[in-house]
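Have a look at the structure below before the remarks.
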Amino acid sequence: MTRDRSSPPPEELLPTLDLEAHLRDPAIKQRFVTVMFDVIADRYDRFTRLFSYGMDTGWKRQLMAQLSHDERPALVVDLASGTGDLALAAAERRPAARVLAFDVSRRMVQLAARRTAALNGRLTVGVGDMVHLPLPKASADVVTVGYGIRNAPTPGVALAEIARVLRPGGLLLVLDFYRPRRRLWRALYLWYLRAAGNLIGWLWHGAPVAYGYIGPSIAGYLSAEEFTSALEAHGFTVQRVRRKLFGGVALHSAVRH
């Protein structure tokens with residue numbers, strides 16, 4: 001998504017957007033998500049560590065440990081790459097691979113490019129939407145996604161696009177927040193995410209919605225078990241699911257049929 005130069009900057013635009021309306025309507029959800037991530041990009045890594053009480057680092061390490069070391073050439077695609085945590089981990093574990101990292105936020109891409117510059121072109125970062133990937137069919141060997149499919153306008157379309165670009169036998173690794181199935185825990189979990197997110201958004205950006213988005217986005221999303229079913233419906237065999245926080249977070253490993 002390219003921002004109209006005549007429109008307000010993201011930090012001014014975000015507080016004017018109706019969160020609930022954008023979450024309800026897939027046609028405009030991406031607009032909100034792109035603006036939000038442009039606003040929070042510079043503090044995103046700090047936020048994820050703080051908000052997860054440091055667990056985010058361990059979750060990502062566990063996810064990428066499922067990607068075996070391999071010296072053969074390959075194409076690894078990291079979607080919703082943020083500042084490049086998973087892309088950098090993939091480049092380390094697959095030293096002969098070409099790694100492509102995409103994110104809808106231009107500011108995120110700028111930050112990731114700075115972190116990955118030392119890899120001399122083996123890791124390429126660019127603006128890209130996971131529902132319209134500039135890649136041929138069955139061209140990727142591995143796809144990784146951290147906290148991304150939930151933010152797609154239509155998650156099923158994102159899964160279909162991932163299935164399109166991933167070769168048969170290719171590996172998909174996904175880390176995300178999910179809607180817990182137990183009613184009491186779900187209520188407490190979503191309340192905490194919304195309240196804490198609103199507080200940090202107000203303190204850091206003067207816009208509670210900057211991080212208050214997380215709770216409502218999860219409330220309207222899938223459980224980890226439902227996401228497993230969605231993967232299977234889109235041509236994947238789920239190899240392993242690791243649930244964290246009683247189902248509030250999960251790590252999925254799946255292979256394309």
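Each chain in the structure tokens gets a letter, A, B, ..., in the order shown, and its residues are numbered from 1; ligands are numbered from 1 in order too.
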
So that I can check the surroundings of A:Tyr178, please list as a ChimeraX atom specification every protein, DNA and RNA residue that reaches within 12 Å of it, counting only C-alpha atoms and ignoring chain neighbours fewer than 3 positions away.
/A:147-151,174-175,181-182,186,189-190,193,214-228,243-252

Within 10 Å of stretch 53-68 of chain A, counting only C-alpha atoms, which residues show up once you throw out same-chain ones fewer than 6 positions away? Write them as a ChimeraX atom specification, please.
/A:45-47,85-87,89-90,93-94,142,144-146,171-176,240,242,244,249-253

Which residues, written as a PDB file with N, CA, C and O atoms, in the first residue's frame, have at least one atom at most 10 Å from A:Asn198, with only C-alpha atoms counted and residues fewer than 4 positions away on the same chain left out?
```
ATOM      1  N   TYR A 192      -6.511  -8.186  29.289  1.00  0.00           N
ATOM      2  CA  TYR A 192      -5.140  -7.735  29.554  1.00  0.00           C
ATOM      3  C   TYR A 192      -4.511  -7.145  28.297  1.00  0.00           C
ATOM      4  O   TYR A 192      -3.896  -6.069  28.343  1.00  0.00           O
ATOM      5  N   LEU A 193      -4.626  -7.829  27.169  1.00  0.00           N
ATOM      6  CA  LEU A 193      -3.996  -7.363  25.940  1.00  0.00           C
ATOM      7  C   LEU A 193      -4.538  -5.995  25.529  1.00  0.00           C
ATOM      8  O   LEU A 193      -3.772  -5.116  25.104  1.00  0.00           O
ATOM      9  N   ARG A 194      -5.847  -5.827  25.672  1.00  0.00           N
ATOM     10  CA  ARG A 194      -6.420  -4.541  25.263  1.00  0.00           C
ATOM     11  C   ARG A 194      -6.040  -3.434  26.235  1.00  0.00           C
ATOM     12  O   ARG A 194      -5.631  -2.333  25.814  1.00  0.00           O
ATOM     13  N   TRP A 202      -0.881   4.828  24.484  1.00  0.00           N
ATOM     14  CA  TRP A 202      -1.072   6.209  24.933  1.00  0.00           C
ATOM     15  C   TRP A 202       0.237   6.806  25.426  1.00  0.00           C
ATOM     16  O   TRP A 202       0.586   7.946  25.093  1.00  0.00           O
ATOM     17  N   LEU A 203       1.018   6.036  26.212  1.00  0.00           N
ATOM     18  CA  LEU A 203       2.270   6.548  26.767  1.00  0.00           C
ATOM     19  C   LEU A 203       3.321   6.802  25.694  1.00  0.00           C
ATOM     20  O   LEU A 203       4.047   7.801  25.747  1.00  0.00           O
ATOM     21  N   GLY A 206       0.758   8.535  22.185  1.00  0.00           N
ATOM     22  CA  GLY A 206      -0.409   9.388  22.331  1.00  0.00           C
ATOM     23  C   GLY A 206      -1.618   8.846  21.600  1.00  0.00           C
ATOM     24  O   GLY A 206      -2.578   9.570  21.336  1.00  0.00           O
ATOM     25  N   ALA A 207      -1.586   7.551  21.261  1.00  0.00           N
ATOM     26  CA  ALA A 207      -2.665   6.902  20.501  1.00  0.00           C
ATOM     27  C   ALA A 207      -2.882   5.503  21.078  1.00  0.00           C
ATOM     28  O   ALA A 207      -2.153   4.567  20.719  1.00  0.00           O
ATOM     29  N   PRO A 208      -3.826   5.330  21.989  1.00  0.00           N
ATOM     30  CA  PRO A 208      -4.047   4.013  22.595  1.00  0.00           C
ATOM     31  C   PRO A 208      -4.222   2.883  21.586  1.00  0.00           C
ATOM     32  O   PRO A 208      -3.786   1.759  21.804  1.00  0.00           O
ATOM     33  N   VAL A 209      -4.844   3.195  20.445  1.00  0.00           N
ATOM     34  CA  VAL A 209      -5.144   2.169  19.451  1.00  0.00           C
ATOM     35  C   VAL A 209      -3.886   1.572  18.831  1.00  0.00           C
ATOM     36  O   VAL A 209      -3.928   0.478  18.252  1.00  0.00           O
ATOM     37  N   ALA A 210      -2.739   2.258  18.958  1.00  0.00           N
ATOM     38  CA  ALA A 210      -1.501   1.756  18.348  1.00  0.00           C
ATOM     39  C   ALA A 210      -1.191   0.338  18.798  1.00  0.00           C
ATOM     40  O   ALA A 210      -0.752  -0.499  17.998  1.00  0.00           O
ATOM     41  N   TYR A 211      -1.386   0.049  20.082  1.00  0.00           N
ATOM     42  CA  TYR A 211      -1.189  -1.309  20.579  1.00  0.00           C
ATOM     43  C   TYR A 211      -2.487  -1.925  21.098  1.00  0.00           C
ATOM     44  O   TYR A 211      -2.559  -3.139  21.286  1.00  0.00           O
ATOM     45  N   GLY A 212      -3.487  -1.078  21.343  1.00  0.00           N
ATOM     46  CA  GLY A 212      -4.780  -1.605  21.764  1.00  0.00           C
ATOM     47  C   GLY A 212      -5.442  -2.453  20.695  1.00  0.00           C
ATOM     48  O   GLY A 212      -6.384  -3.206  20.965  1.00  0.00           O
ATOM     49  N   TYR A 213      -4.931  -2.362  19.473  1.00  0.00           N
ATOM     50  CA  TYR A 213      -5.413  -3.172  18.345  1.00  0.00           C
ATOM     51  C   TYR A 213      -5.298  -4.668  18.618  1.00  0.00           C
ATOM     52  O   TYR A 213      -6.125  -5.468  18.148  1.00  0.00           O
ATOM     53  N   ILE A 214      -4.297  -5.074  19.366  1.00  0.00           N
ATOM     54  CA  ILE A 214      -3.976  -6.498  19.474  1.00  0.00           C
ATOM     55  C   ILE A 214      -5.139  -7.300  20.036  1.00  0.00           C
ATOM     56  O   ILE A 214      -5.523  -8.332  19.472  1.00  0.00           O
ATOM     57  N   GLY A 215      -5.705  -6.855  21.164  1.00  0.00           N
ATOM     58  CA  GLY A 215      -6.800  -7.610  21.773  1.00  0.00           C
ATOM     59  C   GLY A 215      -7.986  -7.809  20.843  1.00  0.00           C
ATOM     60  O   GLY A 215      -8.426  -8.949  20.623  1.00  0.00           O
TER      61      GLY A 215
END
```

Looking only at the backbone, which of the residues in stretch 71-247 of chain A does DSSP tag as strand (DSSP E or B), as a PyMOL selection string?
chain A and resi 75-79+98-103+123-127+129+132+140-146+166-177+236-244

Closest of A:Gly82, A:Pro9, A:Pro26, A:Pro180 to A:Ala41 - atom-to-atom distances counting only C-alpha atoms
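Of A:Gly82, A:Pro9, A:Pro26, A:Pro180, the one nearest A:Ala41, counting only C-alpha atoms, is A:Gly82.
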
Per-residue nearest contacts of stretch 91-164 of chain A to stretch 70-75 of chain A (8 Å; only C-alpha atoms) as a tab-separated table:
```
residue	atom	partner	partner_atom	distance
A:Arg93	CA	A:Asp70	CA	7.0
A:Arg94	CA	A:Asp70	CA	5.4
A:Pro95	CA	A:Glu71	CA	6.2
A:Ala96	CA	A:Pro73	CA	4.9
A:Ala97	CA	A:Ala74	CA	4.5
A:Arg98	CA	A:Leu75	CA	5.0
A:Val99	CA	A:Leu75	CA	5.9
A:Leu100	CA	A:Leu75	CA	7.6
A:Ser139	CA	A:Leu75	CA	7.4
A:Ala140	CA	A:Leu75	CA	5.1
A:Asp141	CA	A:Leu75	CA	5.4
A:Val142	CA	A:Leu75	CA	6.6
```

If you run DSSP over the backbone, which residues in stretch 100-254 of chain A end up alpha helix (DSSP H)? Put them as number ranges by chain.
A: 106-116, 155-165, 183-205, 209-212, 214-219, 224-233

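Residues with any atom within 10 Å of A:Phe102, counting only C-alpha atoms and excluding same-chain neighbours fewer than 3 positions away, are Val77, Asp78, Leu79, Ala80, Ser81, Gly82, Gly84, Ala87, Ser105, Arg106, Met108, Val109, Ala112, Thr124, Val125, Gly126, Val127, Gly128, Asp129, Met130, Leu133 and Val145 of chain A.
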
Could you tell me how far atom CA of A:Met36 lies from atom CA of A:His22, in Å and to one decimal?
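Calculated distance between atom CA of A:Met36 and atom CA of A:His22 is 11.8 Å.
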
For a quick check of understanding, using only C-alpha atoms, which of A:Val76, A:Val104, A:Lys137, A:Ala21 has the smallest distance to A:Val35?
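The closest residue to A:Val35 is A:Val104.
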
So how far away is atom CA of A:Arg114 from atom CA of A:His132, in Å?
24.7 Å

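Closest approach to A:His205 from the set A:Glu12, A:Glu20, A:Asp103, A:Glu161 is made by A:Glu12, with distances taken over only C-alpha atoms.
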